[in-house]
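Text of my_file.csv (CSV, C-alpha atoms) as supplied:
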```csv
chain,number,residue,atom,x,y,z
B,1,MET,CA,102.0,178.2,105.4
B,2,PHE,CA,104.7,179.2,107.9
B,3,GLN,CA,104.0,182.9,107.4
B,4,THR,CA,100.2,182.3,108.0
B,5,ARG,CA,101.0,180.4,111.2
B,6,GLN,CA,103.3,183.2,112.4
B,7,ARG,CA,100.7,185.9,111.7
B,8,LEU,CA,98.1,183.8,113.6
B,9,ILE,CA,100.5,183.5,116.6
B,10,ALA,CA,101.3,187.2,116.6
B,11,SER,CA,97.6,188.1,116.4
B,12,VAL,CA,96.6,185.8,119.3
B,13,THR,CA,99.6,187.1,121.4
B,14,ALA,CA,98.6,190.7,120.9
B,15,LEU,CA,95.0,190.1,121.8
B,16,LEU,CA,95.9,188.3,124.9
B,17,CYS,CA,98.5,190.9,126.0
B,18,MET,CA,96.0,193.6,125.8
B,19,ALA,CA,93.1,191.6,127.1
B,20,GLN,CA,91.0,192.4,124.1
B,21,PRO,CA,87.9,190.5,123.2
B,22,ILE,CA,88.3,187.3,121.3
B,23,HIS,CA,86.0,184.4,120.5
B,24,ALA,CA,85.7,182.9,123.9
B,25,ASP,CA,83.1,183.4,126.6
B,26,TRP,CA,85.6,184.4,129.2
B,27,ALA,CA,86.6,187.4,127.0
B,28,ASP,CA,83.2,188.9,127.7
B,29,ASP,CA,84.0,188.8,131.4
B,30,VAL,CA,87.4,190.4,130.8
B,31,ASN,CA,85.7,193.3,129.0
B,32,GLN,CA,83.0,193.7,131.7
B,33,ILE,CA,85.7,193.8,134.4
B,34,ASN,CA,87.7,196.4,132.4
B,35,SER,CA,84.5,198.5,131.9
B,36,LEU,CA,83.7,198.5,135.6
B,37,THR,CA,87.3,199.4,136.5
B,38,GLN,CA,87.4,202.3,134.1
B,39,GLN,CA,84.2,203.6,135.6
B,40,GLY,CA,85.9,203.6,139.1
B,41,LYS,CA,83.5,200.8,140.3
B,42,HIS,CA,86.3,198.8,141.8
B,43,PRO,CA,84.3,196.8,144.4
B,44,GLU,CA,81.9,195.8,141.7
B,45,ALA,CA,84.7,194.8,139.4
B,46,GLN,CA,86.4,192.7,142.0
B,47,HIS,CA,83.1,191.0,142.8
B,48,PHE,CA,82.4,190.2,139.1
B,49,ALA,CA,86.0,188.9,138.7
B,50,SER,CA,85.6,186.6,141.7
B,51,GLU,CA,82.3,185.3,140.3
B,52,SER,CA,83.9,184.6,137.0
B,53,LEU,CA,86.8,182.7,138.6
B,54,ALA,CA,84.4,180.7,140.7
B,55,ARG,CA,82.3,179.5,137.7
B,56,GLY,CA,85.4,179.0,135.5
B,57,PRO,CA,85.9,180.4,132.0
B,58,GLY,CA,83.6,179.3,129.2
B,59,GLY,CA,84.6,178.4,125.7
B,60,LEU,CA,87.5,176.3,124.4
B,61,LEU,CA,89.9,179.0,123.2
B,62,PHE,CA,92.8,179.3,125.8
B,63,ALA,CA,90.4,178.9,128.7
B,64,GLY,CA,93.3,178.4,131.1
B,65,THR,CA,94.9,181.6,130.1
B,66,GLY,CA,91.5,183.3,130.4
B,67,THR,CA,91.5,182.3,134.0
B,68,LEU,CA,94.9,183.8,134.6
B,69,ILE,CA,94.0,187.1,132.8
B,70,ILE,CA,90.9,187.5,135.0
B,71,ARG,CA,93.0,186.7,138.0
B,72,HIS,CA,95.5,189.3,136.9
B,73,GLN,CA,92.7,191.8,136.6
B,74,ARG,CA,91.4,191.0,140.0
B,75,ALA,CA,95.0,191.4,141.5
B,76,SER,CA,95.2,194.9,139.9
B,77,ILE,CA,91.8,195.8,141.3
B,78,ARG,CA,92.7,194.6,144.7
B,79,LEU,CA,95.8,196.8,144.6
B,80,LEU,CA,93.5,199.8,143.9
B,81,LEU,CA,91.2,198.8,146.8
B,82,GLY,CA,94.2,198.4,149.2
B,83,ASP,CA,93.9,194.6,149.5
B,84,ILE,CA,97.6,193.9,149.4
B,85,ALA,CA,97.4,190.3,150.7
B,86,GLY,CA,94.7,189.5,148.1
B,87,ALA,CA,96.7,191.0,145.2
B,88,ILE,CA,99.8,189.0,146.3
B,89,GLU,CA,97.7,185.9,146.5
B,90,ASP,CA,96.5,186.3,142.9
B,91,ALA,CA,99.9,187.2,141.7
B,92,GLY,CA,101.3,184.1,143.2
B,93,VAL,CA,99.0,181.9,141.1
B,94,ILE,CA,100.2,183.7,138.0
B,95,VAL,CA,103.9,183.2,139.0
B,96,ARG,CA,103.4,179.5,139.7
B,97,ALA,CA,101.5,178.9,136.5
B,98,ASN,CA,104.0,180.7,134.3
B,99,SER,CA,101.8,180.2,131.3
B,100,ASP,CA,103.1,180.4,127.7
B,101,LEU,CA,100.6,183.2,127.1
B,102,LEU,CA,100.9,185.0,130.5
B,103,LYS,CA,104.4,184.6,131.8
B,104,ALA,CA,105.4,184.7,135.5
B,105,ASP,CA,106.8,188.2,135.3
B,106,ALA,CA,103.2,189.5,135.0
B,107,GLY,CA,102.7,188.2,138.5
B,108,TYR,CA,106.0,189.7,139.8
B,109,ALA,CA,104.9,193.1,138.4
B,110,ILE,CA,101.8,192.9,140.6
B,111,ARG,CA,103.9,191.9,143.6
B,112,ILE,CA,106.4,194.8,143.0
B,113,LEU,CA,103.5,197.2,143.3
B,114,ALA,CA,101.9,195.4,146.2
B,115,LYS,CA,105.1,195.6,148.3
B,116,ALA,CA,105.6,199.3,147.4
B,117,ALA,CA,102.1,200.1,148.4
B,118,SER,CA,102.7,198.6,151.8
B,119,GLY,CA,105.9,200.6,152.2
B,120,ASP,CA,108.2,197.5,151.8
B,121,ALA,CA,111.0,198.9,149.6
B,122,ALA,CA,113.3,195.9,150.1
B,123,GLY,CA,110.4,193.5,149.2
B,124,ALA,CA,109.6,195.5,146.0
B,125,GLU,CA,113.3,195.4,144.9
B,126,ALA,CA,113.4,191.6,145.5
B,127,GLU,CA,110.3,191.1,143.4
B,128,PHE,CA,111.7,193.2,140.6
B,129,LEU,CA,114.9,191.2,140.6
B,130,ALA,CA,113.0,187.9,140.6
B,131,GLY,CA,110.9,189.1,137.7
B,132,SER,CA,113.9,190.3,135.7
B,133,GLU,CA,115.6,187.0,136.3
B,134,ILE,CA,112.6,185.1,134.9
B,135,ILE,CA,112.6,187.2,131.8
B,136,LYS,CA,116.4,186.9,131.2
B,137,THR,CA,116.9,183.2,132.0
B,138,GLY,CA,113.5,181.6,131.8
B,139,PRO,CA,112.4,179.5,128.8
B,140,THR,CA,110.7,181.5,126.1
B,141,SER,CA,107.5,180.6,124.2
B,142,THR,CA,106.5,181.1,120.6
B,143,PHE,CA,103.3,182.8,122.0
B,144,ALA,CA,104.9,185.1,124.6
B,145,PRO,CA,105.8,188.7,123.7
B,146,ALA,CA,109.4,189.5,123.1
B,147,LYS,CA,111.7,189.8,126.0
B,148,GLY,CA,112.2,193.5,125.4
B,149,PHE,CA,108.5,194.0,125.6
B,150,ARG,CA,108.2,192.2,128.9
B,151,GLU,CA,111.3,193.8,130.4
B,152,ASN,CA,110.1,197.3,129.8
B,153,PHE,CA,106.6,196.7,131.2
B,154,LEU,CA,108.3,195.2,134.3
B,155,ILE,CA,110.3,198.4,134.6
B,156,GLU,CA,107.0,200.3,134.4
B,157,SER,CA,105.9,198.6,137.6
B,158,GLY,CA,109.3,199.4,139.1
B,159,ALA,CA,108.9,203.1,138.2
B,160,VAL,CA,105.5,203.3,139.8
B,161,ALA,CA,106.8,201.5,142.9
B,162,ASN,CA,109.6,204.0,143.2
B,163,LEU,CA,107.2,206.8,142.9
B,164,LEU,CA,104.9,205.4,145.6
B,165,LEU,CA,108.0,205.0,147.8
B,166,GLY,CA,109.0,208.6,147.3
B,167,ARG,CA,112.1,207.7,145.2
B,168,LEU,CA,111.4,210.3,142.6
B,169,ASP,CA,114.8,210.4,141.0
B,170,GLN,CA,114.8,206.6,140.4
B,171,ALA,CA,111.2,206.7,139.2
B,172,GLU,CA,112.0,209.4,136.7
B,173,ALA,CA,115.1,207.4,135.5
B,174,ASP,CA,113.0,204.3,135.0
B,175,LEU,CA,110.4,206.2,133.0
B,176,ALA,CA,113.0,207.9,130.9
B,177,GLN,CA,114.5,204.4,130.1
B,178,ILE,CA,111.2,202.9,128.9
B,179,ILE,CA,110.1,206.0,127.0
B,180,ALA,CA,113.3,205.7,125.0
B,181,ALA,CA,113.3,201.9,124.8
B,182,ASP,CA,112.8,199.6,121.8
B,183,PHE,CA,110.0,197.2,122.7
B,184,GLU,CA,111.1,194.7,120.1
B,185,THR,CA,107.7,194.4,118.3
B,186,SER,CA,106.6,195.0,114.8
B,187,LEU,CA,103.0,194.1,115.2
B,188,PRO,CA,100.9,197.3,114.5
B,189,MET,CA,98.5,196.6,117.5
B,190,LEU,CA,101.4,196.4,119.9
B,191,ILE,CA,103.1,199.4,118.4
B,192,ASP,CA,100.0,201.5,119.0
B,193,LEU,CA,99.8,200.1,122.5
B,194,VAL,CA,103.4,201.1,123.3
B,195,GLU,CA,103.0,204.6,121.7
B,196,THR,CA,100.0,205.3,123.9
B,197,LYS,CA,101.7,204.0,127.0
B,198,LYS,CA,104.8,206.2,126.2
B,199,ARG,CA,102.6,209.3,126.0
B,200,SER,CA,101.1,208.4,129.4
B,201,TRP,CA,104.5,207.8,130.9
B,202,THR,CA,105.7,211.2,129.6
B,203,LYS,CA,102.8,212.8,131.6
B,204,THR,CA,103.8,210.8,134.7
B,205,ARG,CA,107.4,212.2,134.3
B,206,GLU,CA,105.9,215.7,134.4
B,207,THR,CA,104.0,214.6,137.5
B,208,ILE,CA,107.3,213.8,139.2
B,209,ALA,CA,108.6,217.3,138.2
B,210,ARG,CA,105.6,218.9,139.9
B,211,LEU,CA,106.1,216.8,143.0
B,212,ARG,CA,109.7,218.0,143.2
B,213,ASP,CA,108.3,221.6,143.1
B,214,GLY,CA,106.0,220.8,145.9
B,215,ASP,CA,102.9,221.4,143.8
B,216,LEU,CA,100.8,218.5,144.7
B,217,HIS,CA,97.7,219.8,143.0
B,218,ALA,CA,99.4,220.2,139.6
B,219,ALA,CA,101.0,216.8,140.0
B,220,ARG,CA,97.5,215.3,140.6
B,221,GLU,CA,96.2,216.9,137.5
B,222,LEU,CA,99.0,215.6,135.4
B,223,ALA,CA,98.5,212.1,136.8
B,224,ARG,CA,94.8,212.4,135.9
B,225,HIS,CA,95.9,213.3,132.3
B,226,ALA,CA,98.3,210.3,132.2
B,227,LEU,CA,95.4,208.0,133.1
B,228,GLN,CA,93.0,209.7,130.6
B,229,ILE,CA,95.4,209.0,127.8
B,230,LEU,CA,95.1,205.3,128.5
B,231,TYR,CA,91.3,205.5,128.8
B,232,ASP,CA,91.2,207.2,125.4
B,233,GLY,CA,93.8,205.1,123.6
B,234,LYS,CA,92.7,202.8,120.8
B,235,GLU,CA,94.7,199.8,122.1
B,236,THR,CA,94.5,200.5,125.8
B,237,ARG,CA,91.0,201.7,126.6
B,238,ASN,CA,89.7,198.1,126.8
B,239,GLY,CA,92.7,196.7,128.6
B,240,ALA,CA,93.8,196.4,132.2
B,241,GLY,CA,97.0,198.3,131.5
B,242,PHE,CA,95.7,201.5,133.2
B,243,SER,CA,96.0,200.1,136.8
B,244,THR,CA,99.5,201.5,137.4
B,245,ALA,CA,98.4,205.0,136.3
B,246,ARG,CA,95.3,204.7,138.5
B,247,MET,CA,97.5,203.8,141.4
B,248,VAL,CA,99.6,207.0,141.0
B,249,LEU,CA,96.5,209.1,140.7
B,250,ASP,CA,94.8,207.5,143.7
B,251,THR,CA,97.9,208.0,145.8
B,252,LEU,CA,98.2,211.7,144.9
B,253,GLU,CA,94.5,212.3,145.6
B,254,ARG,CA,94.8,210.7,149.0
B,255,LYS,CA,97.9,212.8,149.8
B,256,GLU,CA,96.2,216.0,148.6
B,257,SER,CA,93.0,215.2,150.6
B,258,GLN,CA,95.0,214.5,153.7
B,259,ARG,CA,97.1,217.6,153.4
B,260,GLY,CA,94.1,219.8,152.6
B,261,ALA,CA,92.3,218.5,155.7
B,262,ALA,CA,95.3,219.2,157.9
B,263,VAL,CA,95.8,222.7,156.5
B,264,GLU,CA,92.1,223.6,156.7
B,265,GLU,CA,91.8,222.4,160.3
B,266,GLY,CA,95.2,223.7,161.5
B,267,LEU,CA,96.3,226.8,159.5
B,268,LEU,CA,92.9,228.4,159.1
B,269,LEU,CA,92.1,228.0,162.8
B,270,GLN,CA,95.5,229.4,163.6
B,271,ALA,CA,95.0,232.4,161.4
B,272,GLN,CA,91.6,233.2,163.0
B,273,GLN,CA,93.1,233.0,166.5
B,274,GLN,CA,95.9,235.3,165.5
B,275,LEU,CA,93.4,237.8,164.0
B,276,SER,CA,91.2,237.6,167.1
B,277,GLY,CA,94.3,238.3,169.2
B,278,GLY,CA,95.1,241.5,167.2
B,279,ASP,CA,98.2,240.1,165.4
B,280,ARG,CA,97.2,241.0,161.9
B,281,ARG,CA,100.6,240.5,160.3
B,282,ALA,CA,100.9,237.0,161.7
B,283,ALA,CA,97.4,236.2,160.6
B,284,PHE,CA,98.1,237.5,157.1
B,285,ALA,CA,101.2,235.3,156.9
B,286,THR,CA,99.2,232.2,158.0
B,287,PHE,CA,96.5,232.9,155.5
B,288,VAL,CA,99.1,233.2,152.8
B,289,ARG,CA,100.6,229.9,153.8
B,290,ALA,CA,97.2,228.2,153.8
B,291,PHE,CA,96.4,229.6,150.4
B,292,GLY,CA,99.6,228.1,149.0
B,293,GLU,CA,99.3,224.7,150.5
B,294,LEU,CA,95.5,224.1,149.9
B,295,PRO,CA,94.2,222.8,146.6
B,296,PRO,CA,91.5,224.9,144.8
B,297,SER,CA,88.6,224.5,147.2
B,298,ALA,CA,86.2,226.4,149.5
B,299,ALA,CA,88.9,226.3,152.1
B,300,GLN,CA,91.4,228.0,149.8
B,301,ASP,CA,88.8,230.6,149.0
B,302,LYS,CA,88.5,231.3,152.8
B,303,ALA,CA,92.3,231.7,153.0
B,304,PHE,CA,92.3,234.2,150.1
B,305,GLN,CA,89.3,236.1,151.6
B,306,GLY,CA,91.2,236.3,154.9
B,307,LEU,CA,94.4,237.7,153.4
B,308,ALA,CA,92.4,240.1,151.2
B,309,LEU,CA,90.6,241.4,154.2
B,310,ILE,CA,93.8,242.0,156.2
B,311,TYR,CA,96.1,243.3,153.3
B,312,PRO,CA,94.7,246.9,153.1
B,313,THR,CA,95.0,247.3,156.9
B,314,LEU,CA,98.7,246.4,157.1
B,315,PRO,CA,101.0,249.4,157.9
B,316,THR,CA,103.7,248.0,155.7
B,317,ARG,CA,102.5,245.9,152.8
B,318,PRO,CA,104.7,243.0,151.7
B,319,GLY,CA,106.4,243.0,148.3
B,320,LEU,CA,107.2,240.2,146.0
B,321,PRO,CA,109.1,237.4,147.7
B,322,GLU,CA,112.4,236.3,146.0
B,323,ALA,CA,111.1,232.7,145.6
B,324,ALA,CA,108.0,234.0,143.7
B,325,ARG,CA,110.2,236.3,141.6
B,326,ARG,CA,112.3,233.3,140.6
B,327,PHE,CA,109.2,231.4,139.4
B,328,LEU,CA,108.2,234.5,137.4
B,329,VAL,CA,111.6,234.6,135.7
B,330,GLN,CA,111.4,230.9,134.9
B,331,ALA,CA,107.8,231.3,133.6
B,332,ARG,CA,108.9,234.1,131.2
B,333,GLY,CA,111.8,232.0,130.0
B,334,VAL,CA,109.7,228.9,129.2
B,335,VAL,CA,107.1,231.1,127.5
B,336,GLU,CA,109.9,232.3,125.1
B,337,ASP,CA,110.6,228.6,124.5
B,338,LYS,CA,106.9,228.1,123.8
B,339,GLU,CA,106.6,225.6,126.6
B,340,TYR,CA,103.3,227.0,127.7
B,341,ALA,CA,102.2,224.2,130.1
B,342,ARG,CA,105.4,224.6,132.1
B,343,ALA,CA,104.9,228.4,132.1
B,344,VAL,CA,101.4,228.1,133.6
B,345,GLY,CA,102.8,225.9,136.3
B,346,ARG,CA,105.5,228.4,137.2
B,347,TYR,CA,103.0,231.3,137.3
B,348,ASP,CA,100.8,229.2,139.5
B,349,GLN,CA,103.7,228.6,141.9
B,350,ALA,CA,104.3,232.4,142.0
B,351,ILE,CA,100.7,233.1,142.7
B,352,ARG,CA,100.6,230.6,145.5
B,353,LEU,CA,103.6,232.3,147.2
B,354,ALA,CA,102.3,235.8,146.6
B,355,PRO,CA,98.6,235.8,146.0
B,356,TRP,CA,98.3,239.5,147.0
B,357,TRP,CA,100.7,240.7,144.2
B,358,ALA,CA,98.5,242.4,141.6
B,359,PRO,CA,100.9,242.2,138.6
B,360,LEU,CA,100.6,238.4,138.8
```
Would you mind writing the file out in structure tokens?
Amino acid sequence: MFQTRQRLIASVTALLCMAQPIHADWADDVNQINSLTQQGKHPEAQHFASESLARGPGGLLFAGTGTLIIRHQRASIRLLLGDIAGAIEDAGVIVRANSDLLKADAGYAIRILAKAASGDAAGAEAEFLAGSEIIKTGPTSTFAPAKGFRENFLIESGAVANLLLGRLDQAEADLAQIIAADFETSLPMLIDLVETKKRSWTKTRETIARLRDGDLHAARELARHALQILYDGKETRNGAGFSTARMVLDTLERKESQRGAAVEEGLLLQAQQQLSGGDRRAAFATFVRAFGELPPSAAQDKAFQGLALIYPTLPTRPGLPEAARRFLVQARGVVEDKEYARAVGRYDQAIRLAPWWAPL
């Protein structure tokens, strides 16, 4: 009898942690919100969540917790939409409720991200400390996940917050910690969840490495891969656990778009003016810089066309820069170690620095 009860508790806990469908009307709303979010329909998802909260959850099974889960979903969506105040408001309800099935630290995790998204580093740190204290000293519940499980998912929010704030070393350290951590669970569904999240976090660590290299485009592609792992995961594709990965991707896409627009408007115009003024060497250098800084796009193609047009007319053609040579040496080294993805990244860096160099 005791073992049966424990299995029931474990199953309910797992289902609620992952926001999976169970036999209650509000679970249908949870699934619909998740589906809209995964499709990138964030305004529609927020509207649906607000309607669900306004009418109240149907069914008798953990209806109060259903309300909190939907509020948690809406908070995550509001973060993606840039509604920091709304996300903090929803998170505050979760913190105050401190439900047995959705503890207060879930609200603190949202507030960590909200403060980081607004550039408030001190505020994000304060929320992280408050959430950690709740986990360490707060009363536990038979239904709540293990403390180790909750601690590590709070650290995930801290890692993403540090990444958003540009603290790459700390973000990488946080991710390394939770990738190596024991989440203190033996439930197969939660084990699968953790394994999928760890694969996604590993890609996010690679994202940080590319950001250090200054390769924003490669970083964005790795962030996209990290998110796709969660979309495809058996235990994560129907859950709201992909909001942190989505925040990272959205942030990098905004940065890349902003940088691309600035480069396209500034550098390409500068190169054309230099070429019109007869300074072909300066125009060539500017086109090379634009090619290296722009993501693959029509504007990057224009930069390449410009440097290709000028290159044959230069009296002294440039050789291979030392920085590009170093990337080539690194690429060959990682090829020998059979780390092909890293090798491609190093070759790409070399090409961006010396697109005219035929042997590349």
| request: Using CA of Asp279 (chain B) and CA of Gly214 (chain B) as the two end points, give the distance in Å to one decimal. | output: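 Result for CA of Asp279 (chain B) versus CA of Gly214 (chain B): 28.5 Å, one decimal.
These residues, each with an atom at most 12 Å from (86.0, 222.8, 150.1) using only C-alpha atoms, are B:Ser257, B:Gly260, B:Ala261, B:Val263, B:Glu264, B:Glu265, B:Leu294, B:Pro295, B:Pro296, B:Ser297, B:Ala298, B:Ala299, B:Gln300, B:Asp301, B:Lys302, B:Ala303.
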| query | Between B:Asn98, B:Ser118, B:Thr316, B:Gln73, which is the closest to Ile135 (chain B) once you count all atoms listed in the file? | reply |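 Ranking B:Asn98, B:Ser118, B:Thr316, B:Gln73 by distance to Ile135 (chain B), first place goes to B:Asn98.
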| query | Of the candidates B:Ser76, B:Ala176, B:Leu307, B:Arg246, which shows the shortest atom-to-atom distance to Gln272 (chain B), using all atoms listed in the file? | reply | B:Leu307
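Put simply, CA of Leu53 (chain B) is 15.3 Å away from CA of Ala97 (chain B).
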| query | In Å, with one decimal, what is the gap from CA of Gly233 (chain B) to CA of Thr202 (chain B)? | reply |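 We find that CA of Gly233 (chain B) and CA of Thr202 (chain B) lie 14.7 Å from each other.
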| Which of these residues is nearest to Ala171 (chain B), using all atoms listed in the file: B:Gly158, B:Gly306, B:Gly56, B:Pro318? |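 Residue with the minimum atom-to-atom distance to Ala171 (chain B): B:Gly158.
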